[in-house]
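One file, target-v5.cif, is given below (mmCIF, C-alpha atoms).
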data_structure
#
loop_
_atom_site.group_PDB
_atom_site.id
_atom_site.type_symbol
_atom_site.label_atom_id
_atom_site.label_comp_id
_atom_site.auth_asym_id
_atom_site.auth_seq_id
_atom_site.Cartn_x
_atom_site.Cartn_y
_atom_site.Cartn_z
ATOM 1 C CA MET A 214 43.585 -44.415 23.430
ATOM 2 C CA ASP A 215 47.282 -44.873 24.105
ATOM 3 C CA THR A 216 48.745 -43.317 20.982
ATOM 4 C CA ARG A 217 51.083 -40.765 22.549
ATOM 5 C CA PRO A 218 54.730 -41.821 23.073
ATOM 6 C CA TYR A 219 56.171 -41.960 26.571
ATOM 7 C CA ASP A 220 58.705 -39.376 27.729
ATOM 8 C CA SER A 221 62.292 -40.018 26.742
ATOM 9 C CA SER A 222 65.108 -39.628 29.269
ATOM 10 C CA ASN A 223 65.911 -36.197 27.786
ATOM 11 C CA THR A 224 62.320 -35.032 28.225
ATOM 12 C CA ILE A 225 62.252 -36.289 31.818
ATOM 13 C CA ASN A 226 65.475 -34.410 32.583
ATOM 14 C CA THR A 227 64.098 -31.236 30.981
ATOM 15 C CA ARG A 228 60.976 -31.410 33.117
ATOM 16 C CA ALA A 229 63.092 -31.980 36.241
ATOM 17 C CA ARG A 230 65.297 -28.944 35.531
ATOM 18 C CA ILE A 231 62.237 -26.736 35.043
ATOM 19 C CA ARG A 232 60.733 -27.883 38.356
ATOM 20 C CA LEU A 233 63.979 -27.432 40.266
ATOM 21 C CA CYS A 234 64.568 -23.901 38.967
ATOM 22 C CA SER A 235 60.925 -22.927 39.540
ATOM 23 C CA PHE A 236 61.124 -24.166 43.114
ATOM 24 C CA LEU A 237 64.354 -22.207 43.671
ATOM 25 C CA ALA A 238 62.684 -19.088 42.251
ATOM 26 C CA LEU A 239 59.826 -19.516 44.736
ATOM 27 C CA LEU A 240 62.339 -19.849 47.568
ATOM 28 C CA CYS A 241 63.970 -16.584 46.457
ATOM 29 C CA VAL A 242 60.595 -14.846 46.579
ATOM 30 C CA LEU A 243 59.926 -16.258 50.049
ATOM 31 C CA PHE A 244 63.344 -14.963 51.113
ATOM 32 C CA TYR A 245 62.360 -11.527 49.811
ATOM 33 C CA ILE A 246 59.073 -11.646 51.736
ATOM 34 C CA ALA A 247 60.925 -12.602 54.910
ATOM 35 C CA ILE A 248 63.506 -9.774 54.847
ATOM 36 C CA GLN A 249 61.634 -6.896 53.213
ATOM 37 C CA GLU A 250 60.170 -5.595 56.490
ATOM 38 C CA SER A 251 63.624 -5.235 58.057
ATOM 39 C CA PHE A 252 64.942 -3.045 55.202
ATOM 40 C CA ILE A 253 64.141 0.673 55.308
ATOM 41 C CA THR A 254 65.482 2.158 52.061
ATOM 42 C CA PRO A 255 63.041 2.449 49.117
ATOM 43 C CA HIS A 256 63.297 -0.319 46.517
ATOM 44 C CA ILE A 257 61.391 -1.888 43.630
ATOM 45 C CA SER A 258 62.145 -5.511 44.481
ATOM 46 C CA TYR A 259 58.438 -6.045 45.095
ATOM 47 C CA LEU A 260 58.280 -6.721 41.338
ATOM 48 C CA HIS A 261 59.747 -10.147 42.134
ATOM 49 C CA MET A 262 56.326 -11.017 43.583
ATOM 50 C CA PHE A 263 55.121 -11.738 40.035
ATOM 51 C CA HIS A 264 56.970 -15.053 40.398
ATOM 52 C CA ILE A 265 54.344 -16.127 42.947
ATOM 53 C CA PHE A 266 51.831 -16.248 40.101
ATOM 54 C CA VAL A 267 54.137 -17.338 37.258
ATOM 55 C CA GLN A 268 55.964 -20.255 38.896
ATOM 56 C CA PRO A 269 52.841 -22.327 39.709
ATOM 57 C CA LEU A 270 51.916 -22.137 36.020
ATOM 58 C CA VAL A 271 55.435 -23.212 35.033
ATOM 59 C CA LEU A 272 55.343 -26.132 37.478
ATOM 60 C CA PHE A 273 51.946 -27.049 36.081
ATOM 61 C CA ALA A 274 53.232 -26.955 32.501
ATOM 62 C CA SER A 275 56.233 -29.126 33.414
ATOM 63 C CA LEU A 276 53.898 -31.902 34.562
ATOM 64 C CA LEU A 277 51.538 -31.838 31.589
ATOM 65 C CA ASP A 278 51.978 -33.220 28.091
ATOM 66 C CA PHE A 279 50.609 -30.244 26.114
ATOM 67 C CA SER A 280 53.059 -28.780 23.618
ATOM 68 C CA ALA A 281 51.492 -25.306 23.374
ATOM 69 C CA LEU A 282 51.738 -24.399 27.066
ATOM 70 C CA PRO A 283 55.558 -24.530 27.552
ATOM 71 C CA GLY A 284 56.094 -22.424 24.433
ATOM 72 C CA ALA A 285 53.717 -19.706 25.633
ATOM 73 C CA LEU A 286 55.170 -19.704 29.155
ATOM 74 C CA SER A 287 58.698 -19.362 27.790
ATOM 75 C CA TYR A 288 57.747 -15.908 26.481
ATOM 76 C CA VAL A 289 56.237 -15.092 29.877
ATOM 77 C CA HIS A 290 59.531 -16.014 31.517
ATOM 78 C CA PHE A 291 61.512 -13.921 29.076
ATOM 79 C CA ALA A 292 59.267 -11.036 30.194
ATOM 80 C CA MET A 293 60.043 -11.919 33.830
ATOM 81 C CA LEU A 294 63.734 -11.837 32.909
ATOM 82 C CA LEU A 295 63.304 -8.221 31.775
ATOM 83 C CA VAL A 296 61.529 -7.357 35.038
ATOM 84 C CA ASP A 297 64.178 -8.992 37.235
ATOM 85 C CA ALA A 298 66.987 -7.481 35.147
ATOM 86 C CA PHE A 299 65.391 -4.046 35.557
ATOM 87 C CA VAL A 300 65.337 -4.516 39.355
ATOM 88 C CA ALA A 301 68.958 -5.686 39.332
ATOM 89 C CA GLY A 302 70.006 -2.714 37.175
ATOM 90 C CA ILE A 303 68.313 -0.124 39.397
ATOM 91 C CA SER A 304 69.791 -1.684 42.548
ATOM 92 C CA LEU A 305 73.253 -1.839 40.974
ATOM 93 C CA ILE A 306 73.050 1.846 39.992
ATOM 94 C CA SER A 307 72.188 2.746 43.600
ATOM 95 C CA VAL A 308 75.174 0.761 44.853
ATOM 96 C CA SER A 309 77.568 2.385 42.369
ATOM 97 C CA ARG A 310 76.370 5.854 43.316
ATOM 98 C CA CYS A 311 76.958 5.073 46.965
ATOM 99 C CA PHE A 312 80.647 4.487 46.367
ATOM 100 C CA GLN A 313 80.854 8.131 45.300
ATOM 101 C CA GLU A 314 79.175 9.343 48.521
ATOM 102 C CA SER A 315 80.979 8.465 51.740
ATOM 103 C CA THR A 316 78.124 9.029 54.187
ATOM 104 C CA ALA A 317 76.702 6.982 57.047
ATOM 105 C CA THR A 318 73.405 6.373 55.291
ATOM 106 C CA CYS A 319 75.235 5.386 52.159
ATOM 107 C CA PHE A 320 76.873 2.375 53.810
ATOM 108 C CA GLU A 321 73.455 1.146 54.911
ATOM 109 C CA ARG A 322 72.165 1.626 51.388
ATOM 110 C CA VAL A 323 75.094 -0.364 49.952
ATOM 111 C CA TYR A 324 74.192 -3.301 52.190
ATOM 112 C CA GLU A 325 70.487 -3.275 51.387
ATOM 113 C CA LYS A 326 70.826 -2.552 47.668
ATOM 114 C CA GLY A 327 73.565 -5.167 47.497
ATOM 115 C CA VAL A 328 71.169 -7.786 48.851
ATOM 116 C CA TRP A 329 68.501 -6.767 46.320
ATOM 117 C CA THR A 330 71.071 -6.888 43.507
ATOM 118 C CA VAL A 331 72.202 -10.407 44.428
ATOM 119 C CA LEU A 332 68.602 -11.607 44.768
ATOM 120 C CA ALA A 333 67.623 -10.110 41.406
ATOM 121 C CA GLY A 334 70.755 -11.574 39.803
ATOM 122 C CA ILE A 335 69.891 -15.073 41.022
ATOM 123 C CA LEU A 336 66.350 -14.711 39.705
ATOM 124 C CA CYS A 337 67.670 -13.496 36.347
ATOM 125 C CA LEU A 338 69.839 -16.603 36.069
ATOM 126 C CA LEU A 339 66.877 -18.825 36.964
ATOM 127 C CA ASP A 340 64.688 -16.972 34.448
ATOM 128 C CA VAL A 341 67.152 -17.691 31.648
ATOM 129 C CA VAL A 342 67.403 -21.388 32.527
ATOM 130 C CA ILE A 343 63.634 -21.825 32.879
ATOM 131 C CA ALA A 344 62.837 -19.971 29.641
ATOM 132 C CA LEU A 345 65.373 -21.972 27.633
ATOM 133 C CA GLN A 346 64.246 -25.266 29.172
ATOM 134 C CA LEU A 347 60.615 -24.407 28.402
ATOM 135 C CA ARG A 348 61.593 -23.837 24.758
ATOM 136 C CA LEU A 349 63.377 -27.191 24.768
ATOM 137 C CA LEU A 350 60.371 -28.920 26.352
ATOM 138 C CA ASN A 351 58.130 -27.338 23.728
ATOM 139 C CA SER A 352 60.228 -28.806 20.906
ATOM 140 C CA GLN A 353 60.293 -32.232 22.604
ATOM 141 C CA LEU A 354 56.513 -32.269 23.054
ATOM 142 C CA THR A 355 55.995 -31.101 19.465
ATOM 143 C CA GLU A 356 58.009 -34.109 18.343
ATOM 144 C CA LYS A 357 55.732 -36.325 20.435
ATOM 145 C CA ASP A 358 52.731 -34.713 18.701
ATOM 146 C CA LYS A 359 54.098 -35.876 15.352
ATOM 147 C CA HIS A 360 54.548 -39.458 16.562
ATOM 148 C CA GLU A 361 51.068 -39.427 18.101
ATOM 149 C CA LYS A 362 49.502 -38.310 14.819
ATOM 150 C CA ALA A 363 51.414 -41.009 12.941
ATOM 151 C CA GLU A 364 50.144 -43.664 15.377
ATOM 152 C CA LEU A 365 46.551 -42.452 14.995
ATOM 153 C CA ASP A 366 46.868 -42.670 11.225
ATOM 154 C CA ARG A 367 48.288 -46.183 11.519
ATOM 155 C CA LEU A 368 45.365 -47.348 13.681
ATOM 156 C CA LYS A 369 42.865 -45.906 11.211
ATOM 157 C CA ASN A 370 44.573 -47.566 8.238
ATOM 158 C CA THR A 371 45.192 -50.964 9.794
ATOM 159 C CA GLY A 372 42.065 -51.220 11.960
ATOM 160 C CA ASP A 373 44.138 -52.491 14.911
ATOM 161 C CA ALA A 374 42.500 -52.343 18.345
ATOM 162 C CA PRO A 375 43.937 -49.512 20.470
ATOM 163 C CA SER A 376 45.055 -50.001 24.045
ATOM 164 C CA TRP A 377 43.440 -48.175 26.963
ATOM 165 C CA ASN A 378 46.253 -48.290 29.513
ATOM 166 C CA SER A 379 46.167 -44.503 29.898
ATOM 167 C CA ILE A 380 43.269 -44.868 32.360
ATOM 168 C CA THR A 381 45.502 -46.859 34.702
ATOM 169 C CA ILE A 382 48.479 -44.580 34.071
ATOM 170 C CA PHE A 383 46.566 -41.391 34.941
ATOM 171 C CA LYS A 384 45.082 -43.046 38.027
ATOM 172 C CA LYS A 385 48.588 -43.940 39.219
ATOM 173 C CA LYS A 386 49.816 -40.406 38.517
ATOM 174 C CA SER A 387 46.940 -39.065 40.611
ATOM 175 C CA ARG A 388 47.789 -41.447 43.465
ATOM 176 C CA VAL A 389 51.454 -40.405 43.341
ATOM 177 C CA LEU A 390 50.374 -36.785 43.852
ATOM 178 C CA ASN A 391 48.183 -37.847 46.777
ATOM 179 C CA ILE A 392 51.127 -39.658 48.390
ATOM 180 C CA PHE A 393 53.388 -36.649 47.807
ATOM 181 C CA MET A 394 50.895 -34.246 49.408
ATOM 182 C CA ILE A 395 50.079 -36.204 52.580
ATOM 183 C CA PRO A 396 53.312 -35.203 54.448
ATOM 184 C CA LEU A 397 52.735 -31.600 53.372
ATOM 185 C CA ASP A 398 49.135 -31.821 54.616
ATOM 186 C CA ILE A 399 50.457 -32.797 58.042
ATOM 187 C CA VAL A 400 53.051 -29.986 58.034
ATOM 188 C CA TYR A 401 50.326 -27.531 57.016
ATOM 189 C CA VAL A 402 48.129 -28.547 59.955
ATOM 190 C CA ILE A 403 51.042 -28.348 62.426
ATOM 191 C CA CYS A 404 51.946 -24.835 61.227
ATOM 192 C CA MET A 405 48.312 -23.783 61.351
ATOM 193 C CA MET A 406 47.776 -25.034 64.901
ATOM 194 C CA ASN A 407 50.843 -23.120 66.110
ATOM 195 C CA MET A 408 49.273 -19.830 65.039
ATOM 196 C CA SER A 409 47.298 -17.931 67.638
ATOM 197 C CA GLU A 410 46.034 -15.299 65.209
ATOM 198 C CA ASN A 411 44.434 -15.695 61.767
ATOM 199 C CA ARG A 412 44.072 -19.421 62.421
ATOM 200 C CA PRO A 413 40.471 -19.625 61.118
ATOM 201 C CA LEU A 414 41.677 -18.435 57.705
ATOM 202 C CA TYR A 415 43.850 -21.512 57.280
ATOM 203 C CA PHE A 416 40.903 -23.865 57.645
ATOM 204 C CA MET A 417 40.050 -22.923 54.050
ATOM 205 C CA SER A 418 42.830 -25.208 52.761
ATOM 206 C CA LEU A 419 42.189 -28.218 54.998
ATOM 207 C CA GLY A 420 40.302 -30.137 52.306
ATOM 208 C CA HIS A 421 43.458 -31.899 51.158
ATOM 209 C CA LEU A 422 43.917 -33.435 54.597
ATOM 210 C CA PHE A 423 40.809 -35.548 53.931
ATOM 211 C CA ILE A 424 40.812 -35.903 50.127
ATOM 212 C CA ASP A 425 44.405 -37.149 49.723
ATOM 213 C CA PRO A 426 44.151 -40.132 52.146
ATOM 214 C CA PHE A 427 40.647 -40.939 50.886
ATOM 215 C CA LEU A 428 41.760 -41.255 47.255
ATOM 216 C CA LEU A 429 44.667 -43.436 48.350
ATOM 217 C CA TYR A 430 42.320 -45.763 50.241
ATOM 218 C CA VAL A 431 39.482 -45.880 47.677
ATOM 219 C CA ASP A 432 39.837 -47.026 44.067
ATOM 220 C CA LEU A 433 37.452 -45.021 41.882
ATOM 221 C CA GLY A 434 37.275 -47.864 39.408
ATOM 222 C CA ARG A 435 36.271 -47.151 35.812
ATOM 223 C CA GLU A 436 33.044 -45.221 36.302
ATOM 224 C CA LYS A 437 33.120 -41.828 34.580
ATOM 225 C CA THR A 438 30.748 -40.181 37.101
ATOM 226 C CA GLN A 439 33.082 -40.641 40.072
ATOM 227 C CA PHE A 440 35.949 -38.900 38.311
ATOM 228 C CA LEU A 441 33.681 -36.044 37.259
ATOM 229 C CA VAL A 442 32.610 -35.588 40.899
ATOM 230 C CA PHE A 443 36.200 -35.392 42.119
ATOM 231 C CA ARG A 444 37.052 -33.010 39.309
ATOM 232 C CA ILE A 445 34.439 -30.673 40.758
ATOM 233 C CA VAL A 446 35.919 -31.218 44.234
ATOM 234 C CA TYR A 447 39.395 -30.272 43.016
ATOM 235 C CA CYS A 448 38.012 -27.214 41.210
ATOM 236 C CA ALA A 449 36.521 -26.058 44.535
ATOM 237 C CA LEU A 450 39.819 -26.745 46.348
ATOM 238 C CA LEU A 451 41.704 -24.834 43.651
ATOM 239 C CA ALA A 452 39.498 -21.764 44.087
ATOM 240 C CA LEU A 453 39.909 -21.864 47.883
ATOM 241 C CA ASN A 454 43.679 -22.311 47.673
ATOM 242 C CA ILE A 455 44.070 -19.387 45.261
ATOM 243 C CA LEU A 456 42.033 -17.227 47.639
ATOM 244 C CA MET A 457 44.100 -18.492 50.583
ATOM 245 C CA MET A 458 47.369 -17.662 48.802
ATOM 246 C CA VAL A 459 46.188 -14.123 48.044
ATOM 247 C CA ILE A 460 45.118 -13.619 51.684
ATOM 248 C CA GLN A 461 48.445 -14.911 53.023
ATOM 249 C CA LEU A 462 50.341 -12.467 50.817
ATOM 250 C CA GLN A 463 48.541 -9.656 52.656
ATOM 251 C CA LEU A 464 49.654 -10.911 56.087
ATOM 252 C CA ASP A 465 52.915 -10.268 57.910
ATOM 253 C CA ILE A 466 55.068 -13.265 56.972
ATOM 254 C CA ASN A 467 58.262 -13.110 59.016
ATOM 255 C CA GLU A 468 58.532 -16.638 60.437
ATOM 256 C CA ILE A 469 59.218 -20.074 58.993
ATOM 257 C CA SER A 470 55.897 -21.335 60.389
ATOM 258 C CA LYS A 471 54.119 -18.705 58.275
ATOM 259 C CA MET A 472 56.244 -19.169 55.146
ATOM 260 C CA LEU A 473 55.623 -22.914 54.979
ATOM 261 C CA PRO A 474 51.810 -22.598 54.690
ATOM 262 C CA LEU A 475 52.280 -20.061 51.883
ATOM 263 C CA LEU A 476 54.636 -22.403 50.013
ATOM 264 C CA ILE A 477 52.283 -25.341 50.582
ATOM 265 C CA SER A 478 49.346 -23.269 49.329
ATOM 266 C CA ILE A 479 51.267 -22.658 46.096
ATOM 267 C CA LEU A 480 51.962 -26.390 45.793
ATOM 268 C CA TYR A 481 48.279 -27.073 46.453
ATOM 269 C CA ILE A 482 47.392 -24.876 43.477
ATOM 270 C CA VAL A 483 49.805 -26.784 41.224
ATOM 271 C CA THR A 484 48.613 -30.219 42.358
ATOM 272 C CA ASP A 485 44.940 -29.201 42.135
ATOM 273 C CA LEU A 486 45.441 -28.126 38.522
ATOM 274 C CA ASN A 487 47.137 -31.434 37.755
ATOM 275 C CA GLN A 488 44.444 -33.462 39.463
ATOM 276 C CA ILE A 489 41.782 -31.627 37.459
ATOM 277 C CA VAL A 490 43.651 -32.510 34.252
ATOM 278 C CA TYR A 491 44.080 -36.148 35.331
ATOM 279 C CA MET A 492 40.414 -36.527 36.301
ATOM 280 C CA SER A 493 39.374 -34.953 32.993
ATOM 281 C CA ALA A 494 41.727 -37.209 31.005
ATOM 282 C CA ILE A 495 40.442 -40.336 32.764
ATOM 283 C CA SER A 496 36.783 -39.440 32.276
ATOM 284 C CA ASP A 497 37.369 -38.562 28.599
ATOM 285 C CA THR A 498 39.237 -41.831 27.994
ATOM 286 C CA ILE A 499 36.462 -43.813 29.697
ATOM 287 C CA GLU A 500 33.907 -42.090 27.442
ATOM 288 C CA LYS A 501 35.959 -42.947 24.338
ATOM 289 C CA TYR A 502 36.313 -46.536 25.547
ATOM 290 C CA ASN A 503 32.547 -46.854 26.024
ATOM 291 C CA GLN A 504 31.934 -45.431 22.557
ATOM 292 C CA TYR A 505 34.477 -47.869 21.107
ATOM 293 C CA LYS A 506 32.733 -50.825 22.771
ATOM 294 C CA ARG A 507 29.310 -49.687 21.496
ATOM 295 C CA SER A 508 30.651 -49.543 17.944
ATOM 296 C CA PHE A 509 31.175 -53.325 17.919
#
Kindly return the structure encoded in the file as structure tokens.
Amino acid sequence: MDTRPYDSSNTINTRARIRLCSFLALLCVLFYIAIQESFITPHISYLHMFHIFVQPLVLFASLLDFSALPGALSYVHFAMLLVDAFVAGISLISVSRCFQESTATCFERVYEKGVWTVLAGILCLLDVVIALQLRLLNSQLTEKDKHEKAELDRLKNTGDAPSWNSITIFKKKSRVLNIFMIPLDIVYVICMMNMSENRPLYFMSLGHLFIDPFLLYVDLGREKTQFLVFRIVYCALLALNILMMVIQLQLDINEISKMLPLLISILYIVTDLNQIVYMSAISDTIEKYNQYKRSF
């Protein structure tokens, strides 16, 4: 039933800011992965790698309409702020100590620790913005919960027939994700084919190359079974993409052609989670619609 209010312009802007900052945080982590092998002094900037696991969840939460998830993730991001601030503080202490020691190795340490300090500082700023925007999104979605409950009460009291447009809306949202992923599917294949080593590993994430165009070409209609089948398909793709992301993090990533598949794998995880939610929402709404028809 279509009882939940649509997003206001403020809610849309909040979601957009969360996605932008999350994407920038992922780019910072990819930058760290790219340069870490060329730096020789000890550091603790590897703690930034936690963003690889946190940011997909934040991107996922920014696309959903569940009020509890953004609130919980805001606390996770405040914890990430403490981690990134700790890295920035340690790097800054190393830099300040270097100014008191005029040695050859000290100048090299200033350069490297300076880079880690700047990187950690940028991530700290992004952490603050994301955490605050998640809190704001949580309050906006909580307000939508109140309006949804009021609409449900009104339908029960008046006996008005509910609308079922959410089936069409979720189907269009799913198709938008398919359209968005097709260019990335092509880029993923191009990057994969340019690799002479570890190429067989990347075949694990090729499912999207076939699923995305197929779901654009075929309309699944209003049969619950078809959506349940593709929910299982996306669950399998999600498991493979998580495994693929973990494997890629173990490899030597020092080229753009290797960074892009890692970034696309992260986006695959986010879109798979969303598709699972959309398929579940459509099948649940179809079931409610069938029950509503049988009641008359």
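Residues surrounding range 225-228 of chain A within 9 Å are Asp220, Ser221, Arg232, Leu233, Leu272, Ala274, Ser275, Leu276, Gln346, Leu347, Leu349 and Leu350 of chain A [all atoms listed in the file; sequence separation below 4 positions excluded].
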Expected residue set, 10 Å radius at (58.0, -15.6, 48.2), all atoms listed in the file, as a PyMOL selection string: chain A and resi 238-247+261-265+462+466+472+475-476+479
Residue members of the PyMOL selection byres ((chain A and resi 465) around 12) in the file shown, as a PyMOL selection string: chain A and resi 246-251+410-411+460-464+466-472+475
Between A:Leu428, A:Met406, A:Val296, A:Leu237, smallest distance to Gln268 in chain A by only C-alpha atoms belongs to A:Leu237
Starting from the PyMOL selection byres ((chain A and resi 480) around 12), expand the selection into actual residues of this file and give them as a ChimeraX atom specification. /A:232,235-236,239,265-266,268-273,390,393-394,397-398,401,418,421,451,454-455,458,473-479,481-487
If I wrap all listed atoms of range 483-494 of chain A in a box with edges along x, y and z and add 8 Å on each side, what are its centre and edge lengths in Å to one decimal, as AutoDock Vina command-line options?
--center_x 44.6 --center_y -32.0 --center_z 36.7 --size_x 26.4 --size_y 26.4 --size_z 27.4
Pick from A:Leu429, A:Leu345, A:Ile257, A:Leu338, whichever lies nearest to Ser307 in chain A using only C-alpha atoms: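 That would be A:Ile257, the residue with the smallest distance to Ser307 in chain A.
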Residues within 9 Å of range 378-389 of chain A, only C-alpha atoms, excluding chain neighbours under 6 positions, as an NGL selection string: :A and (214-215 or 425 or 428-429 or 432-433 or 435 or 487-488 or 491-492 or 494-496 or 498-499)
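Here CA of Thr371 in chain A is placed at a distance of 29.0 Å from CA of Lys437 in chain A.
With all atoms listed in the file as the basis for measurement, A:Ile489 is the residue among A:Arg367, A:Ile489, A:Asn351, A:Leu260 that approaches Leu441 in chain A most closely.
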Quick one: of A:His360, A:Arg444, A:Lys501, A:Arg348, who's nearest to Pro283 in chain A, counting all atoms listed in the file?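 For Pro283 in chain A, the nearest of the given residues is A:Arg348.
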